[in-house]
>>> print(open('protein_35.txt').read())   # compact mmCIF, C-alpha atoms
# COMPACT_ATOMS: atom_id res chain seq x y z
CA MET V 1 -69.16 104.65 77.23
CA ASN V 2 -70.35 101.27 78.40
CA ALA V 3 -66.87 100.38 79.60
CA PHE V 4 -66.49 103.76 81.30
CA LEU V 5 -69.76 103.42 83.21
CA SER V 6 -69.04 99.84 84.22
CA LEU V 7 -65.67 100.92 85.63
CA VAL V 8 -67.26 103.76 87.64
CA ALA V 9 -69.99 101.40 88.85
CA ARG V 10 -67.44 98.78 89.91
CA ASP V 11 -65.40 101.30 91.89
CA LEU V 12 -68.49 102.65 93.64
CA ARG V 13 -69.61 99.13 94.47
CA LEU V 14 -66.17 98.32 95.86
CA ALA V 15 -66.20 101.51 97.92
CA VAL V 16 -69.54 100.49 99.45
CA ARG V 17 -68.53 96.85 100.01
CA GLN V 18 -65.18 97.66 101.56
CA GLY V 19 -66.66 100.54 103.53
CA GLY V 20 -63.37 101.21 105.28
CA ALA V 21 -62.20 104.04 103.06
CA ILE V 22 -65.34 106.19 103.29
CA GLY V 23 -65.78 105.45 106.99
CA THR V 24 -62.17 106.33 107.77
CA ALA V 25 -62.34 109.60 105.84
CA LEU V 26 -65.63 110.66 107.48
CA GLY V 27 -64.42 109.62 110.93
CA PHE V 28 -61.15 111.48 110.49
CA TYR V 29 -63.02 114.59 109.39
CA LEU V 30 -65.30 114.39 112.43
CA ILE V 31 -62.42 113.92 114.87
CA VAL V 32 -60.20 116.68 113.50
CA VAL V 33 -63.05 119.20 113.56
CA THR V 34 -64.19 118.06 117.02
CA MET V 35 -60.72 118.41 118.50
CA LEU V 36 -60.28 121.96 117.35
CA PRO V 37 -62.69 123.68 119.79
CA LEU V 38 -61.16 121.57 122.55
CA GLY V 39 -57.74 122.94 121.69
CA LEU V 40 -58.77 126.55 121.11
CA GLY V 41 -61.20 126.96 123.97
CA ALA V 42 -64.87 127.91 123.86
CA ASP V 43 -64.54 131.33 122.24
CA LEU V 44 -67.60 131.26 120.00
CA ASN V 45 -66.65 134.36 118.03
CA LEU V 46 -63.21 132.99 117.25
CA LEU V 47 -64.61 129.61 116.23
CA SER V 48 -67.23 131.21 114.06
CA ARG V 49 -64.58 133.29 112.30
CA ILE V 50 -62.23 130.41 111.52
CA ALA V 51 -64.96 127.79 110.83
CA PRO V 52 -64.92 127.91 106.99
CA GLY V 53 -61.14 127.60 106.86
CA VAL V 54 -61.06 124.76 109.36
CA LEU V 55 -63.81 122.85 107.59
CA TRP V 56 -62.05 123.21 104.23
CA ILE V 57 -58.58 122.26 105.46
CA ALA V 58 -59.89 119.27 107.41
CA LEU V 59 -61.82 118.17 104.30
CA LEU V 60 -58.66 118.26 102.18
CA LEU V 61 -56.75 116.19 104.75
CA SER V 62 -59.59 113.66 105.04
CA ALA V 63 -59.86 113.28 101.27
CA LEU V 64 -56.10 112.62 101.13
CA LEU V 65 -56.49 109.56 103.35
CA SER V 66 -58.30 107.59 100.68
CA LEU V 67 -56.50 108.99 97.63
CA GLY V 68 -53.62 106.54 97.92
CA ARG V 69 -55.94 103.65 97.09
CA VAL V 70 -57.28 105.15 93.86
CA PHE V 71 -54.82 103.25 91.65
CA GLU V 72 -52.86 101.24 94.19
CA SER V 73 -55.37 98.45 94.76
CA ASP V 74 -55.79 97.92 91.02
CA TYR V 75 -52.03 97.91 90.58
CA GLU V 76 -51.46 95.40 93.35
CA ASP V 77 -53.99 92.82 92.20
CA GLY V 78 -53.13 93.09 88.50
CA SER V 79 -56.41 94.76 87.49
CA LEU V 80 -54.55 97.76 86.12
CA ASP V 81 -52.85 95.61 83.47
CA VAL V 82 -56.22 94.36 82.30
CA LEU V 83 -57.74 97.84 82.42
CA VAL V 84 -55.00 99.01 80.06
CA THR V 85 -55.96 96.36 77.50
CA GLY V 86 -59.55 97.61 77.53
CA PRO V 87 -61.20 99.86 74.95
CA LEU V 88 -60.69 102.99 77.08
CA PRO V 89 -57.56 105.11 76.78
CA LEU V 90 -55.70 105.36 80.07
CA GLU V 91 -56.84 108.98 80.39
CA LEU V 92 -60.47 107.89 80.58
CA VAL V 93 -59.58 105.14 83.05
CA ALA V 94 -58.12 107.90 85.24
CA VAL V 95 -61.28 110.00 84.76
CA ALA V 96 -63.47 107.07 85.77
CA LYS V 97 -61.45 106.31 88.87
CA ALA V 98 -61.21 109.96 89.96
CA LEU V 99 -64.94 110.37 89.36
CA ALA V 100 -65.67 107.31 91.50
CA HIS V 101 -63.42 108.74 94.22
CA TRP V 102 -65.29 112.05 94.05
CA ILE V 103 -68.69 110.40 94.37
CA SER V 104 -67.68 107.94 97.06
CA THR V 105 -65.45 110.16 99.23
CA SER V 106 -65.54 113.87 98.39
CA VAL V 107 -69.31 114.22 98.16
CA PRO V 108 -69.96 112.48 101.52
CA LEU V 109 -67.31 114.71 103.11
CA ALA V 110 -68.90 117.83 101.59
CA LEU V 111 -72.29 116.73 102.92
CA LEU V 112 -70.88 116.09 106.39
CA ALA V 113 -69.34 119.57 106.52
CA PRO V 114 -72.53 121.51 107.46
CA VAL V 115 -73.13 119.09 110.34
CA LEU V 116 -69.63 119.78 111.61
CA GLY V 117 -70.25 123.50 111.06
CA ILE V 118 -72.62 123.36 114.05
CA LEU V 119 -69.69 122.32 116.25
CA LEU V 120 -67.78 125.41 115.14
CA ASN V 121 -70.68 127.88 115.49
CA LEU V 122 -70.62 128.62 111.75
CA GLU V 123 -72.87 131.54 110.84
CA LEU V 124 -76.28 130.47 109.64
CA LEU V 125 -75.99 132.41 106.38
CA ALA V 126 -72.78 130.62 105.51
CA TYR V 127 -74.23 127.08 105.33
CA PRO V 128 -75.54 127.17 101.74
CA ALA V 129 -72.31 128.76 100.53
CA LEU V 130 -70.24 126.20 102.45
CA VAL V 131 -71.95 123.20 100.85
CA ALA V 132 -71.99 124.88 97.43
CA THR V 133 -68.26 125.70 97.47
CA MET V 134 -67.42 122.20 98.63
CA LEU V 135 -69.50 120.48 95.99
CA ILE V 136 -68.07 122.76 93.31
CA GLY V 137 -64.51 122.65 94.61
CA THR V 138 -64.07 118.97 95.49
CA PRO V 139 -63.79 117.65 91.89
CA ALA V 140 -60.41 119.43 91.89
CA VAL V 141 -59.54 117.53 95.08
CA SER V 142 -60.23 114.13 93.50
CA PHE V 143 -58.85 114.84 90.04
CA ILE V 144 -55.62 116.53 91.20
CA GLY V 145 -55.32 113.85 93.85
CA ALA V 146 -55.45 111.17 91.16
CA VAL V 147 -52.22 112.60 89.72
CA GLY V 148 -50.53 112.21 93.10
CA ALA V 149 -51.92 108.70 93.43
CA ALA V 150 -50.59 107.75 89.99
CA LEU V 151 -47.16 109.25 90.68
CA THR V 152 -46.71 107.39 93.96
CA LEU V 153 -48.07 104.11 92.63
CA ARG V 154 -44.93 102.10 93.18
CA ALA V 155 -43.63 104.00 96.20
CA ARG V 156 -43.76 102.01 99.41
CA ARG V 157 -45.79 103.89 102.01
CA GLY V 158 -46.71 106.47 99.39
CA GLY V 159 -49.39 108.11 101.54
CA LEU V 160 -47.17 110.84 102.99
CA LEU V 161 -45.59 111.44 99.62
CA ILE V 162 -49.04 112.05 98.11
CA ALA V 163 -49.68 114.68 100.79
CA LEU V 164 -46.43 116.47 99.93
CA LEU V 165 -47.14 116.38 96.21
CA VAL V 166 -50.80 117.21 96.23
CA LEU V 167 -51.52 119.56 99.13
CA PRO V 168 -49.67 122.53 97.54
CA LEU V 169 -51.80 122.04 94.44
CA TYR V 170 -54.93 122.35 96.57
CA VAL V 171 -54.04 125.92 97.61
CA PRO V 172 -56.06 127.68 94.86
CA THR V 173 -59.14 125.58 95.63
CA LEU V 174 -58.76 126.35 99.33
CA VAL V 175 -58.23 130.09 98.82
CA PHE V 176 -61.16 130.59 96.48
CA GLY V 177 -63.42 128.20 98.39
CA ILE V 178 -63.00 130.29 101.54
CA ALA V 179 -63.16 133.55 99.58
CA ALA V 180 -66.54 132.50 98.18
CA ILE V 181 -67.89 131.73 101.65
CA SER V 182 -66.70 135.02 103.14
CA ALA V 183 -68.00 136.93 100.14
CA THR V 184 -71.55 135.66 100.74
CA LEU V 185 -71.30 136.93 104.31
CA GLY V 186 -69.77 140.31 103.51
CA PRO V 187 -70.52 143.12 101.07
CA ASP V 188 -68.35 141.71 98.26
CA ASP V 189 -69.65 140.05 95.15
CA ALA V 190 -69.66 136.28 95.60
CA ALA V 191 -69.90 135.44 91.91
CA ALA V 192 -66.21 135.97 91.09
CA PRO V 193 -64.71 133.50 93.62
CA PHE V 194 -67.44 130.97 92.76
CA LEU V 195 -66.63 131.21 89.07
CA ILE V 196 -62.89 130.89 89.68
CA LEU V 197 -63.52 127.86 91.92
CA THR V 198 -65.58 126.31 89.13
CA ALA V 199 -62.83 127.06 86.63
CA ILE V 200 -60.23 125.37 88.85
CA SER V 201 -62.39 122.27 89.13
CA LEU V 202 -63.12 122.12 85.41
CA GLY V 203 -59.47 122.68 84.55
CA SER V 204 -58.29 119.96 86.88
CA MET V 205 -60.90 117.55 85.48
CA VAL V 206 -59.25 117.96 82.09
CA LEU V 207 -55.56 118.24 83.01
CA GLY V 208 -55.54 115.86 86.00
CA PRO V 209 -56.39 112.69 84.01
CA LEU V 210 -53.85 113.57 81.31
CA ALA V 211 -51.10 113.87 83.92
CA ALA V 212 -52.29 110.79 85.81
CA ALA V 213 -52.31 108.68 82.64
CA ALA V 214 -48.79 109.84 81.74
CA ALA V 215 -47.63 108.93 85.25
CA LEU V 216 -49.30 105.51 85.03
CA ARG V 217 -47.65 104.78 81.68
CA ALA V 218 -44.25 105.66 83.10
CA GLN V 219 -44.84 103.48 86.18
CA MET V 220 -45.90 100.47 84.14
CA GLN V 221 -42.69 100.34 82.09
CA MET L 1 -54.93 88.55 61.37
CA LEU L 2 -51.16 88.32 61.48
CA LEU L 3 -49.04 89.18 64.51
CA VAL L 4 -45.53 90.18 63.50
CA ALA L 5 -42.52 91.00 65.65
CA GLU L 6 -39.30 92.02 63.95
CA ASN L 7 -35.82 92.26 65.47
CA LEU L 8 -37.32 92.93 68.84
CA VAL L 9 -34.95 94.16 71.56
CA LEU L 10 -36.38 94.44 75.06
CA SER L 11 -34.62 95.44 78.24
CA ARG L 12 -35.52 95.44 81.90
CA GLY L 13 -33.68 97.67 84.34
CA GLY L 14 -30.96 98.45 81.80
CA ARG L 15 -30.26 94.77 81.05
CA THR L 16 -31.16 93.47 77.62
CA VAL L 17 -33.27 90.35 78.12
CA ILE L 18 -34.46 89.80 74.54
CA ASP L 19 -32.12 90.59 71.69
CA GLY L 20 -33.26 90.47 68.10
CA LEU L 21 -36.31 88.23 68.31
CA SER L 22 -38.50 87.88 65.21
CA MET L 23 -41.70 85.93 64.82
CA ARG L 24 -44.86 85.69 62.76
CA LEU L 25 -48.09 84.20 63.97
CA GLY L 26 -51.20 83.84 61.84
CA ASP L 27 -54.82 82.87 62.47
CA GLY L 28 -55.22 79.65 64.42
CA GLU L 29 -51.62 79.37 65.50
CA SER L 30 -50.38 79.06 69.02
CA LEU L 31 -46.94 79.71 70.41
CA LEU L 32 -45.31 78.31 73.51
CA LEU L 33 -42.67 80.48 75.17
CA THR L 34 -40.34 78.37 77.25
CA GLY L 35 -37.05 79.06 78.93
CA ALA L 36 -35.44 79.30 82.33
CA ASN L 37 -36.40 81.96 84.88
CA GLY L 38 -35.34 85.44 83.88
CA THR L 39 -35.03 84.76 80.17
CA GLY L 40 -37.70 87.30 79.29
CA LYS L 41 -40.95 85.37 78.88
CA THR L 42 -42.99 87.85 80.90
CA THR L 43 -41.12 90.80 79.39
CA LEU L 44 -41.98 89.62 75.90
CA LEU L 45 -45.65 89.12 76.76
CA ARG L 46 -45.87 92.54 78.40
CA ALA L 47 -44.29 94.11 75.33
CA LEU L 48 -46.79 92.32 73.07
CA ALA L 49 -49.65 93.61 75.21
CA GLY L 50 -48.29 97.12 74.81
CA PHE L 51 -47.25 97.74 78.43
CA LEU L 52 -43.54 98.01 77.59
CA SER L 53 -42.09 99.85 74.67
CA PRO L 54 -39.33 97.98 72.82
CA VAL L 55 -35.80 99.39 72.77
CA ALA L 56 -35.57 98.52 69.07
CA GLY L 57 -37.57 96.61 66.51
CA GLU L 58 -41.33 96.64 66.16
CA ILE L 59 -44.46 94.74 66.96
CA ARG L 60 -47.36 95.13 64.59
CA ILE L 61 -50.61 93.56 63.66
CA GLU L 62 -51.54 93.01 60.03
CA ASN L 63 -55.25 93.04 59.60
CA GLU L 64 -57.23 94.32 56.64
CA ASN L 65 -60.64 94.90 58.16
CA ASP L 66 -59.77 96.12 61.63
CA ASP L 67 -57.69 99.09 62.69
CA ARG L 68 -57.80 98.51 66.44
CA GLU L 69 -54.49 98.53 68.26
CA LEU L 70 -52.78 95.47 69.65
CA GLY L 71 -53.76 96.32 73.22
CA GLU L 72 -57.43 96.22 72.30
CA LEU L 73 -57.19 92.91 70.49
CA CYS L 74 -55.53 90.94 73.25
CA HIS L 75 -56.44 89.26 76.49
CA PHE L 76 -53.62 89.48 79.00
CA VAL L 77 -53.61 87.01 81.89
CA GLY L 78 -50.51 87.62 83.96
CA HIS L 79 -49.15 86.41 87.28
CA LEU L 80 -51.73 88.49 89.11
CA ASP L 81 -55.33 87.52 88.65
CA GLY L 82 -57.00 90.95 88.60
CA ILE L 83 -59.73 89.83 90.98
CA LYS L 84 -61.47 91.97 93.58
CA PRO L 85 -61.93 89.95 96.79
CA HIS L 86 -65.01 91.95 97.82
CA LEU L 87 -66.97 91.20 94.66
CA THR L 88 -68.53 87.82 94.00
CA VAL L 89 -67.15 85.51 91.34
CA ALA L 90 -70.01 86.41 88.98
CA GLU L 91 -69.62 90.16 89.61
CA ASN L 92 -65.89 90.01 88.93
CA LEU L 93 -66.47 88.28 85.63
CA ALA L 94 -69.44 90.46 84.66
CA PHE L 95 -67.36 93.58 85.18
CA TRP L 96 -64.50 92.37 83.00
CA ALA L 97 -66.90 91.20 80.31
CA ALA L 98 -68.67 94.57 80.23
CA TYR L 99 -65.38 96.46 80.35
CA LEU L 100 -63.41 94.47 77.79
CA ASP L 101 -66.13 93.79 75.29
CA CYS L 102 -67.20 96.89 73.39
CA ASP L 103 -70.08 94.96 71.86
CA ALA L 104 -72.71 95.24 74.57
CA SER L 105 -75.19 92.89 72.90
CA GLN L 106 -72.90 89.96 73.54
CA ASN L 107 -72.73 90.60 77.25
CA ASP L 108 -75.81 88.62 78.03
CA ALA L 109 -76.13 86.37 81.02
CA SER L 110 -75.80 83.15 79.03
CA ARG L 111 -72.38 84.17 77.79
CA LEU L 112 -71.19 84.79 81.34
CA ALA L 113 -72.75 81.55 82.55
CA GLY L 114 -71.03 79.76 79.68
CA ALA L 115 -67.68 81.25 80.67
CA LEU L 116 -68.18 80.20 84.29
CA ASN L 117 -69.19 76.70 83.21
CA LYS L 118 -66.20 76.39 80.94
CA PHE L 119 -63.87 76.74 83.91
CA GLU L 120 -66.19 74.91 86.35
CA LEU L 121 -66.91 77.96 88.46
CA ALA L 122 -70.72 77.95 88.19
CA ALA L 123 -71.18 76.52 91.68
CA LEU L 124 -69.03 79.30 93.14
CA ALA L 125 -70.73 82.17 91.27
CA ASP L 126 -72.24 83.89 94.32
CA ILE L 127 -69.26 83.55 96.67
CA PRO L 128 -67.04 86.60 97.27
CA ALA L 129 -63.87 86.00 95.30
CA GLY L 130 -61.75 86.60 98.39
CA TYR L 131 -62.76 83.14 99.65
CA LEU L 132 -61.51 81.30 96.58
CA SER L 133 -58.39 79.14 96.63
CA ALA L 134 -55.41 80.13 94.51
CA GLY L 135 -56.35 77.66 91.78
CA GLN L 136 -59.97 78.82 91.73
CA LYS L 137 -58.84 82.44 91.46
CA ARG L 138 -56.66 81.49 88.52
CA ARG L 139 -59.63 79.77 86.85
CA LEU L 140 -61.69 82.93 87.41
CA ALA L 141 -58.94 84.99 85.76
CA LEU L 142 -58.92 82.55 82.85
CA SER L 143 -62.71 82.70 82.50
CA ARG L 144 -62.22 86.29 81.28
CA LEU L 145 -60.91 84.71 78.09
CA ALA L 146 -64.28 83.13 77.41
CA ALA L 147 -66.41 86.01 78.69
CA ALA L 148 -65.15 88.63 76.22
CA HIS L 149 -64.04 87.79 72.71
CA ARG L 150 -60.51 88.84 71.77
CA PRO L 151 -58.52 87.29 68.92
CA LEU L 152 -55.13 87.30 70.67
CA TRP L 153 -54.54 85.58 74.00
CA LEU L 154 -51.38 86.36 75.97
CA LEU L 155 -51.08 83.95 78.89
CA ASP L 156 -48.24 84.23 81.36
CA GLU L 157 -47.76 80.88 83.09
CA PRO L 158 -51.49 80.22 83.15
CA SER L 159 -51.10 76.76 84.65
CA VAL L 160 -49.57 77.97 87.94
CA SER L 161 -51.56 76.61 90.91
CA LEU L 162 -54.00 74.74 88.64
CA ASP L 163 -54.66 71.02 89.26
CA THR L 164 -54.37 68.53 86.40
CA ALA L 165 -58.11 68.62 85.63
CA SER L 166 -58.01 72.42 85.41
CA VAL L 167 -54.92 72.32 83.20
CA ALA L 168 -56.96 70.14 80.84
CA LEU L 169 -59.72 72.82 80.84
CA LEU L 170 -57.11 75.41 79.98
CA VAL L 171 -55.64 73.33 77.16
CA ASN L 172 -59.14 72.72 75.77
CA ALA L 173 -59.96 76.42 75.92
CA VAL L 174 -56.78 77.39 74.10
CA SER L 175 -57.27 74.68 71.48
CA ALA L 176 -60.87 75.75 70.89
CA HIS L 177 -59.77 79.38 70.58
CA CYS L 178 -57.15 78.48 67.97
CA ALA L 179 -59.60 76.23 66.14
CA GLU L 180 -61.86 79.30 65.76
CA GLY L 181 -58.97 81.20 64.21
CA GLY L 182 -57.58 82.91 67.30
CA ILE L 183 -53.93 83.29 68.25
CA ALA L 184 -52.55 82.23 71.62
CA ILE L 185 -49.11 82.90 73.10
CA VAL L 186 -48.45 80.97 76.26
CA ALA L 187 -45.41 81.29 78.51
CA THR L 188 -45.05 78.11 80.47
CA HIS L 189 -42.82 75.66 82.31
CA LEU L 190 -45.25 72.78 81.91
CA PRO L 191 -45.20 70.76 78.68
CA LEU L 192 -48.66 71.95 77.56
CA VAL L 193 -49.79 70.32 74.35
CA PHE L 194 -51.81 72.25 71.78
CA GLU L 195 -52.47 71.58 68.14
CA ASN L 196 -50.65 73.58 65.50
CA VAL L 197 -48.14 74.86 68.02
CA LYS L 198 -44.83 76.61 67.56
CA GLU L 199 -42.26 76.96 70.27
CA ILE L 200 -39.70 79.64 71.03
CA ARG L 201 -37.11 78.71 73.59
CA LEU L 202 -35.88 81.95 75.14
CA GLY L 203 -32.35 82.19 76.44
CA ALA L 204 -31.22 79.30 74.27
CA GLN L 205 -28.34 81.29 72.77
CA GLU L 206 -26.85 82.14 76.15
CA ASN L 207 -27.13 78.50 77.20
CA ALA L 208 -25.39 77.33 74.06
CA ALA L 209 -22.59 79.86 74.33
>>> encode(input="protein_35.txt", output="C-alpha cells")
Amino acid sequence: MNAFLSLVARDLRLAVRQGGAIGTALGFYLIVVTMLPLGLGADLNLLSRIAPGVLWIALLLSALLSLGRVFESDYEDGSLDVLVTGPLPLELVAVAKALAHWISTSVPLALLAPVLGILLNLELLAYPALVATMLIGTPAVSFIGAVGAALTLRARRGGLLIALLVLPLYVPTLVFGIAAISATLGPDDAAAPFLILTAISLGSMVLGPLAAAAALRAQMQ
Amino acid sequence: MLLVAENLVLSRGGRTVIDGLSMRLGDGESLLLTGANGTGKTTLLRALAGFLSPVAGEIRIENENDDRELGELCHFVGHLDGIKPHLTVAENLAFWAAYLDCDASQNDASRLAGALNKFELAALADIPAGYLSAGQKRRLALSRLAAAHRPLWLLDEPSVSLDTASVALLVNAVSAHCAEGGIAIVATHLPLVFENVKEIRLGAQENAA
C-alpha cells in the first residue's frame, strides 16, 4: 500500500511540476467548446439542446491528449523497468498510474465543464447532473485509456493510434452519460442511466488494469 | 540465498543470443559479465530481472526463509537511469526508496542521506535532476542501491559516463554489498575489480569457433 500511494503521489507531483499536460488538456477543452457556437451560429435553443453531448465529446478528446504520456514517459526514461522490480504487481502499477491520470486530468476537466456549459446555454437544471455524470463516468476514461496507452507504448507517434483504439470503447460511457443528463431534465427516471454509468466505470477500473498490465508485459519482452 | 540458472537459452528478435548458459551464485559472490557488443549481456540481465522469459532453461532462487520472487529481490540499474528531470535529486531517491522498500520503518531520512553521501550527491540534493550531468545522473541511479535494501544487484554497464573517482565509489559499494552477503552481477567493459569475483565471458564460443 505504501508503494502504491508513493507511486500515485509521485505521478501527481510530476503532473503539477510539468504543468503542460493538464494545461494543454484544459486549454484544448476550452477552445473546442468555444469554437462550436462560432461555427453553428447563435441559435440558443440549438446550443442548449446539444450542450451535454458537446461537453462530453470534447471532454473525451481532451482527456485523450494526455493519455499517451501515462506509461510513455516512464518507459522512455527507464523508470518502468524499475517499477516492475517493485513489490507491486504490474496490474497495481497500472491502477496507480490510471488513478493519477484521473485525479490530475479527468477531474479538472469535469470541473471545467459547468463553466463551459455557460458558453453553450446549458439548462440550469442540467448542471448538477452534468458534473455528477462526468465525475462518475471519467474513471472509465482514464482506466480504459490506460489500456490504449500501454498498447501503443512502443509505437512512434502513438497518439493517433490511441484515439483509434480507445474512442470506440468510450461509446457506452458517452451514451449513458448523456442519457443520465437528459433523464434529469425529462420525465424519465434518471437512476438507471446513472447506475449503468457507475457500472461501466467500476468494470473498467477492474478490467482496464488487467489488460494494461498484459500489454505492458508483452511490450517489455 | 542461491541464484541458479540452468541451461538458459535466450533470444532477441528471433536470434538466439545466449545458448545453454548455466551458473550458480551464492551469498557474497559477485559476477562480471564481459563480452563484445551484442553478445547478450543486457539480455541476460533483463532475463534475470524477470523482464524477459527464457526460451528454454530456468532461473530460480533457492532461499529457505523467503518466498519472494526474483523480481522483488533484485535491484536493476540499466542503461536508462529512471530519473524524473522535474523532481529534485532527493525527491527522486525518496520515491524509489519508498516504492522499492516494503519495510517503511527503514525509509527514514538518515538512510536517504546516507545513500546520497555514499555517491557524493548530498550537495546536489535540492537541485532538479534535469540539471545533472550524465555522470551525476548515473550516480543518482546507483544511489537507489543504497537507499533500498535488496540482496541481488543487477548492474548493466554501471560505469558508463562515470569518472574514475565515481567508479571507485561504485566498486566500494559493490564490495560492501557482497561483504554483507549480497550478490552482484555486473555487465561491464571496464576491468572492474571486486573481491570474490567470478567472470563469465559471453560470446567466447563464437569467437573461438
>>> closest_atom_pairs(input="protein_35.txt", of="range 74-186 of chain V", to="range 50-60 of chain V", cutoff="8 Å", atoms="only C-alpha atoms", output="tab-separated table")
residue	atom	partner	partner_atom	distance
V:Leu109	CA	V:Leu59	CA	6.6
V:Ala110	CA	V:Leu59	CA	7.6
V:Ala113	CA	V:Leu55	CA	6.5
V:Leu116	CA	V:Leu55	CA	7.7
V:Gly117	CA	V:Ala51	CA	6.8
V:Leu120	CA	V:Ala51	CA	5.7
V:Asn121	CA	V:Ala51	CA	7.4
V:Leu122	CA	V:Ala51	CA	5.8
V:Leu130	CA	V:Pro52	CA	7.2
V:Met134	CA	V:Trp56	CA	7.8
V:Val141	CA	V:Leu60	CA	7.2
V:Leu167	CA	V:Leu60	CA	7.9
V:Tyr170	CA	V:Leu60	CA	7.9
V:Leu174	CA	V:Trp56	CA	6.7
V:Gly177	CA	V:Trp56	CA	7.8
V:Ile178	CA	V:Gly53	CA	6.2
V:Ile181	CA	V:Pro52	CA	7.2
>>> atom_distance(input="protein_35.txt", atom1="CA of Val171 in chain L", atom2="CA of Leu80 in chain V")
26.0 Å
>>> closest_residue(input="protein_35.txt", among="V:Gly27, V:Gly19, V:Gly86, V:Gly39", to="chain L", atoms="only C-alpha atoms")
V:Gly86
>>> closest_atom_pairs(input="protein_35.txt", of="chain V", to="chain L", cutoff="9 Å", atoms="all atoms listed in the file", output="JSON lines")
{"residue": "V:Met1", "atom": "CA", "partner": "L:Cys102", "partner_atom": "CA", "distance": 8.9}
{"residue": "V:Asn2", "atom": "CA", "partner": "L:Ala98", "partner_atom": "CA", "distance": 7.1}
{"residue": "V:Ala3", "atom": "CA", "partner": "L:Tyr99", "partner_atom": "CA", "distance": 4.3}
{"residue": "V:Phe4", "atom": "CA", "partner": "L:Tyr99", "partner_atom": "CA", "distance": 7.4}
{"residue": "V:Leu5", "atom": "CA", "partner": "L:Tyr99", "partner_atom": "CA", "distance": 8.7}
{"residue": "V:Ser6", "atom": "CA", "partner": "L:Tyr99", "partner_atom": "CA", "distance": 6.3}
{"residue": "V:Leu7", "atom": "CA", "partner": "L:Tyr99", "partner_atom": "CA", "distance": 6.9}
{"residue": "V:Arg10", "atom": "CA", "partner": "L:Phe95", "partner_atom": "CA", "distance": 7.0}
{"residue": "V:Arg13", "atom": "CA", "partner": "L:Leu87", "partner_atom": "CA", "distance": 8.4}
{"residue": "V:Leu14", "atom": "CA", "partner": "L:His86", "partner_atom": "CA", "distance": 6.8}
{"residue": "V:Arg17", "atom": "CA", "partner": "L:His86", "partner_atom": "CA", "distance": 6.4}
{"residue": "V:Gln18", "atom": "CA", "partner": "L:His86", "partner_atom": "CA", "distance": 6.8}
{"residue": "V:Ser73", "atom": "CA", "partner": "L:Lys84", "partner_atom": "CA", "distance": 9.0}
{"residue": "V:Asp74", "atom": "CA", "partner": "L:Gly82", "partner_atom": "CA", "distance": 7.5}
{"residue": "V:Tyr75", "atom": "CA", "partner": "L:Gly82", "partner_atom": "CA", "distance": 8.8}
{"residue": "V:Glu76", "atom": "CA", "partner": "L:Leu80", "partner_atom": "CA", "distance": 8.1}
{"residue": "V:Asp77", "atom": "CA", "partner": "L:Gly82", "partner_atom": "CA", "distance": 5.1}
{"residue": "V:Gly78", "atom": "CA", "partner": "L:Gly82", "partner_atom": "CA", "distance": 4.4}
{"residue": "V:Ser79", "atom": "CA", "partner": "L:Gly82", "partner_atom": "CA", "distance": 4.0}
{"residue": "V:Leu80", "atom": "CA", "partner": "L:Gly82", "partner_atom": "CA", "distance": 7.7}
{"residue": "V:Asp81", "atom": "CA", "partner": "L:Phe76", "partner_atom": "CA", "distance": 7.6}
{"residue": "V:Val82", "atom": "CA", "partner": "L:Phe76", "partner_atom": "CA", "distance": 6.4}
{"residue": "V:Leu83", "atom": "CA", "partner": "L:Tyr99", "partner_atom": "CA", "distance": 8.0}
{"residue": "V:Val84", "atom": "CA", "partner": "L:Gly71", "partner_atom": "CA", "distance": 7.5}
{"residue": "V:Thr85", "atom": "CA", "partner": "L:Gly71", "partner_atom": "CA", "distance": 4.8}
{"residue": "V:Gly86", "atom": "CA", "partner": "L:Leu100", "partner_atom": "CA", "distance": 5.0}
{"residue": "V:Pro87", "atom": "CA", "partner": "L:Glu72", "partner_atom": "CA", "distance": 5.9}
{"residue": "V:Leu88", "atom": "CA", "partner": "L:Tyr99", "partner_atom": "CA", "distance": 8.7}
{"residue": "V:Arg217", "atom": "CA", "partner": "L:Phe51", "partner_atom": "CA", "distance": 7.8}
{"residue": "V:Met220", "atom": "CA", "partner": "L:Phe51", "partner_atom": "CA", "distance": 6.5}
{"residue": "V:Gln221", "atom": "CA", "partner": "L:Leu52", "partner_atom": "CA", "distance": 5.1}
>>> residues_near_point(input="protein_35.txt", point="(-33.6, 87.8, 69.7)", cutoff="7 Å", atoms="all atoms listed in the file", output="list in words")
Asn7, Leu8, Val9, Ile18, Asp19, Gly20, Leu21 and Ser22 of chain L
>>> build_atoms(input="protein_35.txt", residues="range 136-143 of chain L", atoms="N, CA and C atoms", output="short mmCIF file (atom, residue, chain, number, x, y, z; two decimals), keeping the file's coordinate frame")
data_model
loop_
_atom_site.label_atom_id
_atom_site.label_comp_id
_atom_site.auth_asym_id
_atom_site.auth_seq_id
_atom_site.Cartn_x
_atom_site.Cartn_y
_atom_site.Cartn_z
N GLN L 136 -58.66 78.31 92.17
CA GLN L 136 -59.97 78.82 91.73
C GLN L 136 -59.86 80.26 91.25
N LYS L 137 -59.04 81.05 91.91
CA LYS L 137 -58.84 82.44 91.46
C LYS L 137 -58.25 82.45 90.06
N ARG L 138 -57.29 81.57 89.84
CA ARG L 138 -56.66 81.49 88.52
C ARG L 138 -57.70 81.12 87.46
N ARG L 139 -58.59 80.16 87.80
CA ARG L 139 -59.63 79.77 86.85
C ARG L 139 -60.56 80.95 86.57
N LEU L 140 -60.84 81.75 87.62
CA LEU L 140 -61.69 82.93 87.41
C LEU L 140 -61.00 83.92 86.47
N ALA L 141 -59.68 84.10 86.66
CA ALA L 141 -58.94 84.99 85.76
C ALA L 141 -59.01 84.46 84.34
N LEU L 142 -58.89 83.14 84.19
CA LEU L 142 -58.92 82.55 82.85
C LEU L 142 -60.31 82.64 82.22
N SER L 143 -61.35 82.66 83.06
CA SER L 143 -62.71 82.70 82.50
C SER L 143 -62.97 84.01 81.76
#
